[in-house]
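Okay, final15.pdb now, which holds PDB, C-alpha atoms:
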ATOM      1  CA  MET A   1       9.982  -4.267 -14.363  1.00  0.00           C
ATOM      2  CA  SER A   2       7.208  -1.720 -13.721  1.00  0.00           C
ATOM      3  CA  ILE A   3       3.451  -1.826 -13.233  1.00  0.00           C
ATOM      4  CA  ILE A   4       1.808  -0.071 -16.171  1.00  0.00           C
ATOM      5  CA  LEU A   5      -1.871   0.917 -16.174  1.00  0.00           C
ATOM      6  CA  ALA A   6      -3.427   2.122 -19.413  1.00  0.00           C
ATOM      7  CA  GLY A   7      -6.942   3.528 -19.669  1.00  0.00           C
ATOM      8  CA  VAL A   8      -8.168   1.771 -16.511  1.00  0.00           C
ATOM      9  CA  THR A   9     -11.760   2.487 -15.502  1.00  0.00           C
ATOM     10  CA  ALA A  10     -13.332   0.612 -12.565  1.00  0.00           C
ATOM     11  CA  GLY A  11     -16.313   0.757 -10.231  1.00  0.00           C
ATOM     12  CA  TYR A  12     -18.729  -1.292  -8.155  1.00  0.00           C
ATOM     13  CA  GLY A  13     -21.793  -2.953  -9.655  1.00  0.00           C
ATOM     14  CA  ARG A  14     -23.874  -0.652 -11.816  1.00  0.00           C
ATOM     15  CA  ASN A  15     -22.784   2.451  -9.955  1.00  0.00           C
ATOM     16  CA  PRO A  16     -20.845   5.160 -11.795  1.00  0.00           C
ATOM     17  CA  ALA A  17     -17.126   4.439 -12.166  1.00  0.00           C
ATOM     18  CA  THR A  18     -15.004   5.172  -9.105  1.00  0.00           C
ATOM     19  CA  VAL A  19     -11.789   5.557 -11.099  1.00  0.00           C
ATOM     20  CA  GLU A  20     -11.762   6.669 -14.727  1.00  0.00           C
ATOM     21  CA  ASP A  21      -9.260   6.460 -17.556  1.00  0.00           C
ATOM     22  CA  ILE A  22      -6.207   5.935 -15.338  1.00  0.00           C
ATOM     23  CA  ASP A  23      -2.792   5.940 -17.028  1.00  0.00           C
ATOM     24  CA  LEU A  24      -0.067   5.271 -14.489  1.00  0.00           C
ATOM     25  CA  THR A  25       3.401   3.736 -14.324  1.00  0.00           C
ATOM     26  CA  ILE A  26       4.637   2.474 -10.963  1.00  0.00           C
ATOM     27  CA  GLN A  27       8.394   2.753 -11.152  1.00  0.00           C
ATOM     28  CA  THR A  28      10.441  -0.209  -9.940  1.00  0.00           C
ATOM     29  CA  GLY A  29      12.374   0.370  -6.727  1.00  0.00           C
ATOM     30  CA  GLU A  30      10.301   3.318  -5.526  1.00  0.00           C
ATOM     31  CA  VAL A  31       7.770   3.915  -2.773  1.00  0.00           C
ATOM     32  CA  THR A  32       4.737   5.347  -4.557  1.00  0.00           C
ATOM     33  CA  VAL A  33       2.140   6.943  -2.287  1.00  0.00           C
ATOM     34  CA  LEU A  34      -1.448   7.613  -3.370  1.00  0.00           C
ATOM     35  CA  ILE A  35      -3.034  10.616  -1.674  1.00  0.00           C
ATOM     36  CA  GLY A  36      -6.287  12.504  -2.096  1.00  0.00           C
ATOM     37  CA  PRO A  37      -9.603  13.176  -0.328  1.00  0.00           C
ATOM     38  CA  ASN A  38     -11.954  10.451   0.866  1.00  0.00           C
ATOM     39  CA  GLY A  39     -13.794   8.714  -1.961  1.00  0.00           C
ATOM     40  CA  CYS A  40     -11.384   9.812  -4.683  1.00  0.00           C
ATOM     41  CA  GLY A  41     -10.628   6.224  -5.744  1.00  0.00           C
ATOM     42  CA  LYS A  42      -7.324   5.396  -4.059  1.00  0.00           C
ATOM     43  CA  SER A  43      -8.428   2.080  -2.529  1.00  0.00           C
ATOM     44  CA  THR A  44     -10.400   1.155  -5.635  1.00  0.00           C
ATOM     45  CA  LEU A  45      -7.274   1.617  -7.721  1.00  0.00           C
ATOM     46  CA  LEU A  46      -5.252  -0.690  -5.445  1.00  0.00           C
ATOM     47  CA  LYS A  47      -7.946  -3.364  -5.571  1.00  0.00           C
ATOM     48  CA  THR A  48      -7.986  -3.135  -9.348  1.00  0.00           C
ATOM     49  CA  ILE A  49      -4.219  -3.516  -9.629  1.00  0.00           C
ATOM     50  CA  GLY A  50      -4.372  -6.519  -7.303  1.00  0.00           C
ATOM     51  CA  ARG A  51      -7.214  -8.051  -9.339  1.00  0.00           C
ATOM     52  CA  LEU A  52      -9.683  -7.967  -6.463  1.00  0.00           C
ATOM     53  CA  LEU A  53     -11.856  -5.720  -8.632  1.00  0.00           C
ATOM     54  CA  LYS A  54     -12.278  -6.297 -12.347  1.00  0.00           C
ATOM     55  CA  PRO A  55     -11.943  -3.087 -14.329  1.00  0.00           C
ATOM     56  CA  ARG A  56     -14.573  -2.074 -16.847  1.00  0.00           C
ATOM     57  CA  SER A  57     -11.886  -1.167 -19.357  1.00  0.00           C
ATOM     58  CA  GLY A  58      -8.145  -0.778 -19.711  1.00  0.00           C
ATOM     59  CA  SER A  59      -5.076  -2.939 -19.149  1.00  0.00           C
ATOM     60  CA  ILE A  60      -2.597  -3.641 -16.344  1.00  0.00           C
ATOM     61  CA  HIS A  61       0.815  -5.147 -17.014  1.00  0.00           C
ATOM     62  CA  VAL A  62       3.822  -6.002 -14.886  1.00  0.00           C
ATOM     63  CA  ASP A  63       6.536  -6.283 -17.489  1.00  0.00           C
ATOM     64  CA  ALA A  64       5.259  -9.107 -19.757  1.00  0.00           C
ATOM     65  CA  LEU A  65       2.636 -10.275 -17.234  1.00  0.00           C
ATOM     66  CA  ASP A  66      -0.925  -9.372 -18.186  1.00  0.00           C
ATOM     67  CA  VAL A  67      -2.441  -9.003 -14.709  1.00  0.00           C
ATOM     68  CA  LEU A  68      -6.055  -9.186 -15.866  1.00  0.00           C
ATOM     69  CA  ALA A  69      -5.583 -12.292 -18.017  1.00  0.00           C
ATOM     70  CA  SER A  70      -3.257 -14.266 -15.721  1.00  0.00           C
ATOM     71  CA  HIS A  71      -4.092 -16.870 -13.084  1.00  0.00           C
ATOM     72  CA  ALA A  72      -4.737 -15.389  -9.641  1.00  0.00           C
ATOM     73  CA  LYS A  73      -1.880 -17.366  -8.084  1.00  0.00           C
ATOM     74  CA  ARG A  74       0.598 -16.027 -10.608  1.00  0.00           C
ATOM     75  CA  VAL A  75      -0.508 -12.468  -9.862  1.00  0.00           C
ATOM     76  CA  ALA A  76      -0.201 -13.174  -6.103  1.00  0.00           C
ATOM     77  CA  ARG A  77       3.388 -14.293  -6.669  1.00  0.00           C
ATOM     78  CA  THR A  78       4.081 -10.865  -8.154  1.00  0.00           C
ATOM     79  CA  ILE A  79       1.950  -8.434  -6.115  1.00  0.00           C
ATOM     80  CA  ALA A  80       1.142  -8.671  -2.401  1.00  0.00           C
ATOM     81  CA  TYR A  81      -1.897  -6.677  -1.269  1.00  0.00           C
ATOM     82  CA  LEU A  82      -2.720  -5.695   2.314  1.00  0.00           C
ATOM     83  CA  PRO A  83      -6.249  -4.194   2.588  1.00  0.00           C
ATOM     84  CA  GLN A  84      -7.602  -1.809   5.179  1.00  0.00           C
ATOM     85  CA  SER A  85      -8.536  -3.498   8.480  1.00  0.00           C
ATOM     86  CA  PRO A  86      -7.951  -7.135   7.409  1.00  0.00           C
ATOM     87  CA  ILE A  87      -9.917  -9.727   9.397  1.00  0.00           C
ATOM     88  CA  VAL A  88      -8.562 -13.082  10.619  1.00  0.00           C
ATOM     89  CA  PRO A  89      -9.932 -15.837  12.896  1.00  0.00           C
ATOM     90  CA  THR A  90      -9.499 -14.840  16.529  1.00  0.00           C
ATOM     91  CA  SER A  91      -7.448 -17.909  17.477  1.00  0.00           C
ATOM     92  CA  ILE A  92      -4.840 -17.750  14.699  1.00  0.00           C
ATOM     93  CA  THR A  93      -1.261 -17.172  15.822  1.00  0.00           C
ATOM     94  CA  VAL A  94       1.226 -14.722  14.373  1.00  0.00           C
ATOM     95  CA  GLU A  95       3.247 -17.555  12.849  1.00  0.00           C
ATOM     96  CA  GLN A  96       0.157 -19.057  11.214  1.00  0.00           C
ATOM     97  CA  LEU A  97      -0.898 -15.672   9.839  1.00  0.00           C
ATOM     98  CA  VAL A  98       2.518 -14.965   8.369  1.00  0.00           C
ATOM     99  CA  GLY A  99       2.504 -18.479   6.910  1.00  0.00           C
ATOM    100  CA  TYR A 100      -0.567 -17.570   4.849  1.00  0.00           C
ATOM    101  CA  GLY A 101       1.729 -15.349   2.822  1.00  0.00           C
ATOM    102  CA  ARG A 102       3.294 -18.465   1.322  1.00  0.00           C
ATOM    103  CA  ALA A 103      -0.019 -19.792  -0.047  1.00  0.00           C
ATOM    104  CA  PRO A 104       0.498 -18.519  -3.626  1.00  0.00           C
ATOM    105  CA  HIS A 105       3.741 -20.505  -3.814  1.00  0.00           C
ATOM    106  CA  GLN A 106       2.350 -23.794  -2.477  1.00  0.00           C
ATOM    107  CA  SER A 107       0.503 -26.678  -4.078  1.00  0.00           C
ATOM    108  CA  LEU A 108      -3.144 -27.459  -3.384  1.00  0.00           C
ATOM    109  CA  LEU A 109      -2.006 -29.671  -0.505  1.00  0.00           C
ATOM    110  CA  GLY A 110      -0.448 -26.648   1.188  1.00  0.00           C
ATOM    111  CA  LEU A 111       2.728 -28.502   2.125  1.00  0.00           C
ATOM    112  CA  ARG A 112       5.461 -26.211   3.445  1.00  0.00           C
ATOM    113  CA  SER A 113       8.918 -26.315   1.934  1.00  0.00           C
ATOM    114  CA  ALA A 114      12.170 -25.398   3.644  1.00  0.00           C
ATOM    115  CA  GLN A 115      12.049 -22.108   1.743  1.00  0.00           C
ATOM    116  CA  ASP A 116       8.539 -21.425   3.075  1.00  0.00           C
ATOM    117  CA  ILE A 117       9.734 -21.946   6.655  1.00  0.00           C
ATOM    118  CA  ASP A 118      12.825 -19.771   6.144  1.00  0.00           C
ATOM    119  CA  LEU A 119      10.853 -16.905   4.588  1.00  0.00           C
ATOM    120  CA  VAL A 120       8.202 -16.967   7.335  1.00  0.00           C
ATOM    121  CA  ASP A 121      10.920 -16.909  10.012  1.00  0.00           C
ATOM    122  CA  ALA A 122      12.754 -14.073   8.262  1.00  0.00           C
ATOM    123  CA  ALA A 123       9.537 -12.009   7.952  1.00  0.00           C
ATOM    124  CA  ILE A 124       8.741 -12.474  11.644  1.00  0.00           C
ATOM    125  CA  VAL A 125      12.254 -11.430  12.680  1.00  0.00           C
ATOM    126  CA  THR A 126      12.348  -8.467  10.283  1.00  0.00           C
ATOM    127  CA  THR A 127       9.111  -7.071  11.712  1.00  0.00           C
ATOM    128  CA  GLY A 128      10.256  -7.546  15.309  1.00  0.00           C
ATOM    129  CA  LEU A 129       7.648 -10.172  16.188  1.00  0.00           C
ATOM    130  CA  ASP A 130       9.854 -13.091  17.186  1.00  0.00           C
ATOM    131  CA  ASP A 131       8.663 -12.942  20.813  1.00  0.00           C
ATOM    132  CA  PHE A 132       5.026 -13.009  19.645  1.00  0.00           C
ATOM    133  CA  ARG A 133       5.120 -15.742  17.002  1.00  0.00           C
ATOM    134  CA  HIS A 134       2.993 -18.151  19.089  1.00  0.00           C
ATOM    135  CA  LYS A 135       0.616 -15.488  20.375  1.00  0.00           C
ATOM    136  CA  ALA A 136      -2.918 -15.113  18.987  1.00  0.00           C
ATOM    137  CA  VAL A 137      -3.206 -12.186  16.577  1.00  0.00           C
ATOM    138  CA  ALA A 138      -6.364 -11.079  18.405  1.00  0.00           C
ATOM    139  CA  GLU A 139      -4.270 -10.486  21.547  1.00  0.00           C
ATOM    140  CA  LEU A 140      -1.836  -8.119  19.864  1.00  0.00           C
ATOM    141  CA  SER A 141      -1.887  -4.345  20.088  1.00  0.00           C
ATOM    142  CA  GLY A 142      -2.883  -2.389  17.013  1.00  0.00           C
ATOM    143  CA  GLY A 143       0.721  -1.698  16.063  1.00  0.00           C
ATOM    144  CA  GLN A 144       1.804  -5.305  16.598  1.00  0.00           C
ATOM    145  CA  ARG A 145      -1.129  -6.558  14.550  1.00  0.00           C
ATOM    146  CA  GLN A 146      -0.253  -4.262  11.670  1.00  0.00           C
ATOM    147  CA  ARG A 147       3.329  -5.514  11.772  1.00  0.00           C
ATOM    148  CA  ALA A 148       2.023  -9.086  11.653  1.00  0.00           C
ATOM    149  CA  PHE A 149       0.065  -8.369   8.476  1.00  0.00           C
ATOM    150  CA  ILE A 150       3.066  -6.645   6.926  1.00  0.00           C
ATOM    151  CA  ALA A 151       5.107  -9.726   7.854  1.00  0.00           C
ATOM    152  CA  MET A 152       2.571 -11.847   5.972  1.00  0.00           C
ATOM    153  CA  ALA A 153       3.005  -9.626   2.902  1.00  0.00           C
ATOM    154  CA  LEU A 154       6.778  -9.829   3.331  1.00  0.00           C
ATOM    155  CA  ALA A 155       6.666 -13.643   3.489  1.00  0.00           C
ATOM    156  CA  GLN A 156       4.732 -13.639   0.213  1.00  0.00           C
ATOM    157  CA  ASP A 157       8.093 -12.687  -1.311  1.00  0.00           C
ATOM    158  CA  THR A 158       6.765 -10.567  -4.172  1.00  0.00           C
ATOM    159  CA  PRO A 159       8.587  -7.763  -5.973  1.00  0.00           C
ATOM    160  CA  TYR A 160       5.570  -5.490  -5.411  1.00  0.00           C
ATOM    161  CA  VAL A 161       3.754  -4.762  -2.124  1.00  0.00           C
ATOM    162  CA  MET A 162       0.545  -2.697  -1.881  1.00  0.00           C
ATOM    163  CA  LEU A 163      -0.616  -1.348   1.497  1.00  0.00           C
ATOM    164  CA  ASP A 164      -3.985   0.376   1.868  1.00  0.00           C
ATOM    165  CA  GLU A 165      -3.895   2.928   4.703  1.00  0.00           C
ATOM    166  CA  PRO A 166      -1.488   0.900   6.890  1.00  0.00           C
ATOM    167  CA  THR A 167      -1.242   3.622   9.570  1.00  0.00           C
ATOM    168  CA  THR A 168      -4.982   4.134  10.146  1.00  0.00           C
ATOM    169  CA  PHE A 169      -6.002   3.994  13.838  1.00  0.00           C
ATOM    170  CA  LEU A 170      -2.353   3.761  14.991  1.00  0.00           C
ATOM    171  CA  ASP A 171      -0.732   6.191  17.409  1.00  0.00           C
ATOM    172  CA  ILE A 172       2.237   8.280  16.275  1.00  0.00           C
ATOM    173  CA  ARG A 173       4.850   5.763  17.456  1.00  0.00           C
ATOM    174  CA  HIS A 174       3.257   2.826  15.679  1.00  0.00           C
ATOM    175  CA  GLN A 175       2.632   4.915  12.572  1.00  0.00           C
ATOM    176  CA  ASN A 176       6.354   5.661  12.485  1.00  0.00           C
ATOM    177  CA  GLU A 177       7.265   1.996  13.034  1.00  0.00           C
ATOM    178  CA  THR A 178       4.924   0.919  10.244  1.00  0.00           C
ATOM    179  CA  MET A 179       6.314   3.399   7.742  1.00  0.00           C
ATOM    180  CA  GLU A 180       9.878   2.512   8.700  1.00  0.00           C
ATOM    181  CA  LEU A 181       8.969  -1.077   7.807  1.00  0.00           C
ATOM    182  CA  VAL A 182       7.844   0.173   4.398  1.00  0.00           C
ATOM    183  CA  ARG A 183      11.256   1.781   3.945  1.00  0.00           C
ATOM    184  CA  GLN A 184      12.883  -1.502   4.981  1.00  0.00           C
ATOM    185  CA  LEU A 185      10.931  -3.225   2.226  1.00  0.00           C
ATOM    186  CA  HIS A 186      12.262  -0.586  -0.158  1.00  0.00           C
ATOM    187  CA  ASP A 187      15.831  -1.098   1.043  1.00  0.00           C
ATOM    188  CA  ALA A 188      15.404  -4.851   0.505  1.00  0.00           C
ATOM    189  CA  GLY A 189      14.500  -4.232  -3.136  1.00  0.00           C
ATOM    190  CA  ARG A 190      10.689  -4.255  -2.961  1.00  0.00           C
ATOM    191  CA  THR A 191       8.550  -1.739  -4.802  1.00  0.00           C
ATOM    192  CA  SER A 192       5.749  -0.408  -2.594  1.00  0.00           C
ATOM    193  CA  ILE A 193       2.443   1.278  -3.385  1.00  0.00           C
ATOM    194  CA  VAL A 194       0.871   2.831  -0.293  1.00  0.00           C
ATOM    195  CA  VAL A 195      -2.364   4.717   0.329  1.00  0.00           C
ATOM    196  CA  LEU A 196      -2.000   7.413   3.007  1.00  0.00           C
ATOM    197  CA  HIS A 197      -4.063  10.346   4.245  1.00  0.00           C
ATOM    198  CA  ASP A 198      -1.299  12.146   6.152  1.00  0.00           C
ATOM    199  CA  ILE A 199       0.370  14.424   3.591  1.00  0.00           C
ATOM    200  CA  ALA A 200       3.502  15.026   5.679  1.00  0.00           C
ATOM    201  CA  GLN A 201       3.888  11.272   6.173  1.00  0.00           C
ATOM    202  CA  ALA A 202       3.373  10.644   2.460  1.00  0.00           C
ATOM    203  CA  ALA A 203       5.993  13.247   1.566  1.00  0.00           C
ATOM    204  CA  ARG A 204       8.480  11.928   4.095  1.00  0.00           C
ATOM    205  CA  TYR A 205       8.334   8.282   3.041  1.00  0.00           C
ATOM    206  CA  GLY A 206       7.246   8.444  -0.594  1.00  0.00           C
ATOM    207  CA  ASP A 207       9.686   8.715  -3.479  1.00  0.00           C
ATOM    208  CA  ARG A 208       6.758   9.601  -5.711  1.00  0.00           C
ATOM    209  CA  LEU A 209       3.302  10.946  -4.887  1.00  0.00           C
ATOM    210  CA  VAL A 210       0.225  10.310  -7.012  1.00  0.00           C
ATOM    211  CA  VAL A 211      -2.627  12.714  -6.239  1.00  0.00           C
ATOM    212  CA  MET A 212      -6.184  11.604  -7.008  1.00  0.00           C
ATOM    213  CA  HIS A 213      -9.363  13.639  -7.128  1.00  0.00           C
ATOM    214  CA  GLY A 214     -12.768  12.636  -8.447  1.00  0.00           C
ATOM    215  CA  GLY A 215     -11.549   9.260  -9.656  1.00  0.00           C
ATOM    216  CA  ARG A 216      -8.718  10.678 -11.725  1.00  0.00           C
ATOM    217  CA  ILE A 217      -5.023  11.385 -11.312  1.00  0.00           C
ATOM    218  CA  VAL A 218      -4.521  15.141 -11.145  1.00  0.00           C
ATOM    219  CA  ALA A 219      -0.811  15.305 -10.269  1.00  0.00           C
ATOM    220  CA  GLN A 220       2.188  13.061  -9.732  1.00  0.00           C
ATOM    221  CA  GLY A 221       5.869  13.489  -9.074  1.00  0.00           C
ATOM    222  CA  ARG A 222       8.382  14.104  -6.312  1.00  0.00           C
ATOM    223  CA  PRO A 223       6.904  15.369  -3.015  1.00  0.00           C
ATOM    224  CA  ASP A 224       8.608  18.774  -3.340  1.00  0.00           C
ATOM    225  CA  ASP A 225       7.022  19.269  -6.748  1.00  0.00           C
ATOM    226  CA  VAL A 226       3.548  17.972  -5.860  1.00  0.00           C
ATOM    227  CA  VAL A 227       2.765  19.333  -2.384  1.00  0.00           C
ATOM    228  CA  THR A 228       1.996  22.980  -3.069  1.00  0.00           C
ATOM    229  CA  PRO A 229      -0.587  25.380  -1.618  1.00  0.00           C
ATOM    230  CA  GLU A 230      -2.252  25.603  -5.033  1.00  0.00           C
ATOM    231  CA  LEU A 231      -2.681  21.843  -5.400  1.00  0.00           C
ATOM    232  CA  LEU A 232      -3.972  21.392  -1.841  1.00  0.00           C
ATOM    233  CA  GLN A 233      -6.512  24.174  -2.387  1.00  0.00           C
ATOM    234  CA  SER A 234      -7.633  22.578  -5.646  1.00  0.00           C
ATOM    235  CA  VAL A 235      -7.867  18.983  -4.373  1.00  0.00           C
ATOM    236  CA  TYR A 236      -8.917  19.400  -0.740  1.00  0.00           C
ATOM    237  CA  GLY A 237     -10.567  22.829  -0.905  1.00  0.00           C
ATOM    238  CA  LEU A 238      -8.311  23.948   1.941  1.00  0.00           C
ATOM    239  CA  ARG A 239      -5.920  26.869   2.210  1.00  0.00           C
ATOM    240  CA  CYS A 240      -2.599  25.626   3.561  1.00  0.00           C
ATOM    241  CA  ALA A 241       0.890  26.840   4.283  1.00  0.00           C
ATOM    242  CA  VAL A 242       3.553  24.490   2.942  1.00  0.00           C
ATOM    243  CA  TYR A 243       7.035  24.453   4.477  1.00  0.00           C
ATOM    244  CA  PRO A 244       9.935  21.986   4.900  1.00  0.00           C
ATOM    245  CA  ASP A 245       9.887  19.521   7.792  1.00  0.00           C
ATOM    246  CA  PRO A 246      12.672  20.532  10.215  1.00  0.00           C
ATOM    247  CA  VAL A 247      13.943  16.927  10.398  1.00  0.00           C
ATOM    248  CA  SER A 248      13.415  15.371   6.953  1.00  0.00           C
ATOM    249  CA  GLY A 249      13.267  18.518   4.836  1.00  0.00           C
ATOM    250  CA  THR A 250      10.211  17.141   3.024  1.00  0.00           C
ATOM    251  CA  PRO A 251       7.074  19.290   2.682  1.00  0.00           C
ATOM    252  CA  VAL A 252       4.565  19.687   5.507  1.00  0.00           C
ATOM    253  CA  ALA A 253       1.145  21.264   5.061  1.00  0.00           C
ATOM    254  CA  THR A 254      -0.643  23.198   7.821  1.00  0.00           C
ATOM    255  CA  PRO A 255      -4.195  24.532   7.302  1.00  0.00           C
ATOM    256  CA  LEU A 256      -4.444  28.305   7.552  1.00  0.00           C
ATOM    257  CA  MET A 257      -6.901  29.987   9.871  1.00  0.00           C
ATOM    258  CA  PRO A 258     -10.181  30.904   8.152  1.00  0.00           C
ATOM    259  CA  GLU A 259     -10.302  34.440   6.845  1.00  0.00           C
ATOM    260  CA  ARG A 260     -12.591  36.616   8.948  1.00  0.00           C
TER     261      ARG A 260
END
Final structure tokens representation of the file:
Amino acid sequence: MSIILAGVTAGYGRNPATVEDIDLTIQTGEVTVLIGPNGCGKSTLLKTIGRLLKPRSGSIHVDALDVLASHAKRVARTIAYLPQSPIVPTSITVEQLVGYGRAPHQSLLGLRSAQDIDLVDAAIVTTGLDDFRHKAVAELSGGQRQRAFIAMALAQDTPYVMLDEPTTFLDIRHQNETMELVRQLHDAGRTSIVVLHDIAQAARYGDRLVVMHGGRIVAQGRPDDVVTPELLQSVYGLRCAVYPDPVSGTPVATPLMPER
């Protein structure tokens, strides 16, 4: 089961399209990372896949499921989406937040089943938040809060999880913890689509990189094949040296000093 986009074009209101004519297959069992400069359409593409933004043209399928024609709850039982900087009521607890992940599986009455309770508990434990389950989300640190939202996506129990810039505003330790959680999702059989700005981080944790520029996909493939000085110059307008990370062996890019 893969997510297949064909000819997808999307934008906001009457403005010019933000993403144009996107053909993309998200392979099952992989961590796919979208990279590219600000405004290139990465977040717009995620919103379109998750049906938060209706495309102007094209199709999106998950196996036999037509994402654009299906009921929102059915899509939410297949794809979990965590946006940038999600907002919740200040008094909500971690356990309540994670419980929201079960909403697509519940009736209109919102009654919790034994499976709902078990999945919420498992998500809280997996993300290391057991000691904080009764604490207000507003009282958590940035890293703890991000883990709580990932726990909510985990409790949603979908085969696909999309995370839009999950490491933004986090220090290096919490960035690492967040991306390790993404790998845990992968090891548990989830397919993840992640938007990142840090190229070294994307290369270290992504099985496949998709590079966007000007609303289009300009390159995709394994990190070693995609992260090259030529591509970085073309996409970011920046001269870089590319070399293997001494720990992971995946590519790292360092900007070169300006020529004088």
**Request:** For the structure provided, state which residues fall under the PyMOL selection byres ((chain A and resi 233) around 12), and present them as number ranges by chain.
**Result:** A: 36-37, 213, 227-232, 234-242, 253-256
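Take atom CA of A:Val120 and atom CA of A:Ala155: the distance between them is 5.3 Å.
The residue that comes closest to A:Gly39, out of A:Gln115, A:Gln84, A:Thr18, A:Thr250 and on the basis of only C-alpha atoms, is A:Thr18.
The two atoms in question, atom CA of A:Asp116 and atom CA of A:Ile92, are spaced 18.1 Å apart.
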**Which of A:Ser113, A:Thr78, A:Asn176, A:Ser59 sits closest to A:Leu154 [using only C-alpha atoms]** = A:Thr78
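Comparing A:Val161, A:Leu24, A:Ala76, A:Ile4 by their smallest distance to A:Gly221, the closest is A:Leu24 (using only C-alpha atoms).
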Please list as a PDB file with C-alpha atoms, in the frame of the given file every residue within 10 Å of stretch 130-138 of chain A, counting all atoms listed in the file and excluding residues in the same chain fewer than 2 positions away.
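So selection22.pdb came out as:
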ATOM      1  CA  ILE A  87      -9.917  -9.727   9.397  1.00  0.00           C
ATOM      2  CA  VAL A  88      -8.562 -13.082  10.619  1.00  0.00           C
ATOM      3  CA  PRO A  89      -9.932 -15.837  12.896  1.00  0.00           C
ATOM      4  CA  THR A  90      -9.499 -14.840  16.529  1.00  0.00           C
ATOM      5  CA  SER A  91      -7.448 -17.909  17.477  1.00  0.00           C
ATOM      6  CA  ILE A  92      -4.840 -17.750  14.699  1.00  0.00           C
ATOM      7  CA  THR A  93      -1.261 -17.172  15.822  1.00  0.00           C
ATOM      8  CA  VAL A  94       1.226 -14.722  14.373  1.00  0.00           C
ATOM      9  CA  GLU A  95       3.247 -17.555  12.849  1.00  0.00           C
ATOM     10  CA  GLN A  96       0.157 -19.057  11.214  1.00  0.00           C
ATOM     11  CA  LEU A  97      -0.898 -15.672   9.839  1.00  0.00           C
ATOM     12  CA  VAL A  98       2.518 -14.965   8.369  1.00  0.00           C
ATOM     13  CA  ASP A 121      10.920 -16.909  10.012  1.00  0.00           C
ATOM     14  CA  ALA A 122      12.754 -14.073   8.262  1.00  0.00           C
ATOM     15  CA  ALA A 123       9.537 -12.009   7.952  1.00  0.00           C
ATOM     16  CA  ILE A 124       8.741 -12.474  11.644  1.00  0.00           C
ATOM     17  CA  VAL A 125      12.254 -11.430  12.680  1.00  0.00           C
ATOM     18  CA  THR A 126      12.348  -8.467  10.283  1.00  0.00           C
ATOM     19  CA  THR A 127       9.111  -7.071  11.712  1.00  0.00           C
ATOM     20  CA  GLY A 128      10.256  -7.546  15.309  1.00  0.00           C
ATOM     21  CA  LEU A 140      -1.836  -8.119  19.864  1.00  0.00           C
ATOM     22  CA  SER A 141      -1.887  -4.345  20.088  1.00  0.00           C
ATOM     23  CA  GLY A 142      -2.883  -2.389  17.013  1.00  0.00           C
ATOM     24  CA  GLN A 144       1.804  -5.305  16.598  1.00  0.00           C
ATOM     25  CA  ARG A 145      -1.129  -6.558  14.550  1.00  0.00           C
ATOM     26  CA  GLN A 146      -0.253  -4.262  11.670  1.00  0.00           C
ATOM     27  CA  ALA A 148       2.023  -9.086  11.653  1.00  0.00           C
ATOM     28  CA  PHE A 149       0.065  -8.369   8.476  1.00  0.00           C
TER      29      PHE A 149
END
**Prompt:** atom CA of A:Val8 to atom CA of A:Ala219: how many Å, to one decimal?
**Reply:** 16.6 Å
**Message:** I want to know what sits within 9 Å of A:Gly143, based on all atoms listed in the file, with residues of the same chain fewer than 3 positions away left out; could you give that as a PyMOL selection string?
**Reply:** chain A and resi 140+146-148+167+170-171+173-175+177-178
**Asked** Written as a PyMOL selection string, what is the full residue list that the PyMOL selection byres ((chain A and resi 40) around 10) yields on the file shown?
**Response** chain A and resi 18-19+35-39+41-45+211-217+235
**10 Å contact set for A:Ala69, all atoms listed in the file, chain neighbours under 6 positions out, as a list in words** = Arg51, Ser59, Ile60, His61 and Val75 of chain A
**Item:** Nearest to A:Tyr81, chosen from A:Asn15, A:Gln156, A:Thr9, A:Ser57, with only C-alpha atoms counted in the distances
**Value:** A:Gln156
Write out as a PDB file with C-alpha atoms, keeping the file's coordinate frame the residues lying within 10 Å of A:Ser2, counting all atoms listed in the file and excluding same-chain residues fewer than 4 positions away.
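After the write, selection-v4.pdb holds the following:
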ATOM      1  CA  THR A  25       3.401   3.736 -14.324  1.00  0.00           C
ATOM      2  CA  ILE A  26       4.637   2.474 -10.963  1.00  0.00           C
ATOM      3  CA  GLN A  27       8.394   2.753 -11.152  1.00  0.00           C
ATOM      4  CA  THR A  28      10.441  -0.209  -9.940  1.00  0.00           C
ATOM      5  CA  GLY A  29      12.374   0.370  -6.727  1.00  0.00           C
ATOM      6  CA  HIS A  61       0.815  -5.147 -17.014  1.00  0.00           C
ATOM      7  CA  VAL A  62       3.822  -6.002 -14.886  1.00  0.00           C
ATOM      8  CA  ASP A  63       6.536  -6.283 -17.489  1.00  0.00           C
ATOM      9  CA  ALA A  64       5.259  -9.107 -19.757  1.00  0.00           C
ATOM     10  CA  PRO A 159       8.587  -7.763  -5.973  1.00  0.00           C
ATOM     11  CA  TYR A 160       5.570  -5.490  -5.411  1.00  0.00           C
ATOM     12  CA  THR A 191       8.550  -1.739  -4.802  1.00  0.00           C
TER      13      THR A 191
END
**Message:** List as a ChimeraX atom specification the protein and nucleic acid residues near A:Arg204, meaning an atom at most 12 Å away when only C-alpha atoms are counted, but skip any in the same chain fewer than 4 places from it.
**Reply:** /A:31-33,176,179-180,182-183,196,198-200,208-209,222-224,227,244-253
Let me know the centre plus edge lengths, in Å and rounded to one decimal, of a box with edges along x, y and z that contains all listed atoms of stretch 73-77 of chain A and is padded by 3 Å on every side, as lines of an AutoDock Vina configuration file.
center_x = 0.8
center_y = -14.9
center_z = -8.4
size_x = 11.3
size_y = 10.9
size_z = 10.5
**Request:** Can you give me, as JSON, numbers by chain, the residues this file yields under the PyMOL selection byres ((chain A and resi 56) around 12)?
**Result:** {"A": [7, 8, 9, 10, 11, 12, 13, 14, 15, 16, 17, 18, 19, 20, 21, 22, 48, 53, 54, 55, 57, 58, 59, 68]}
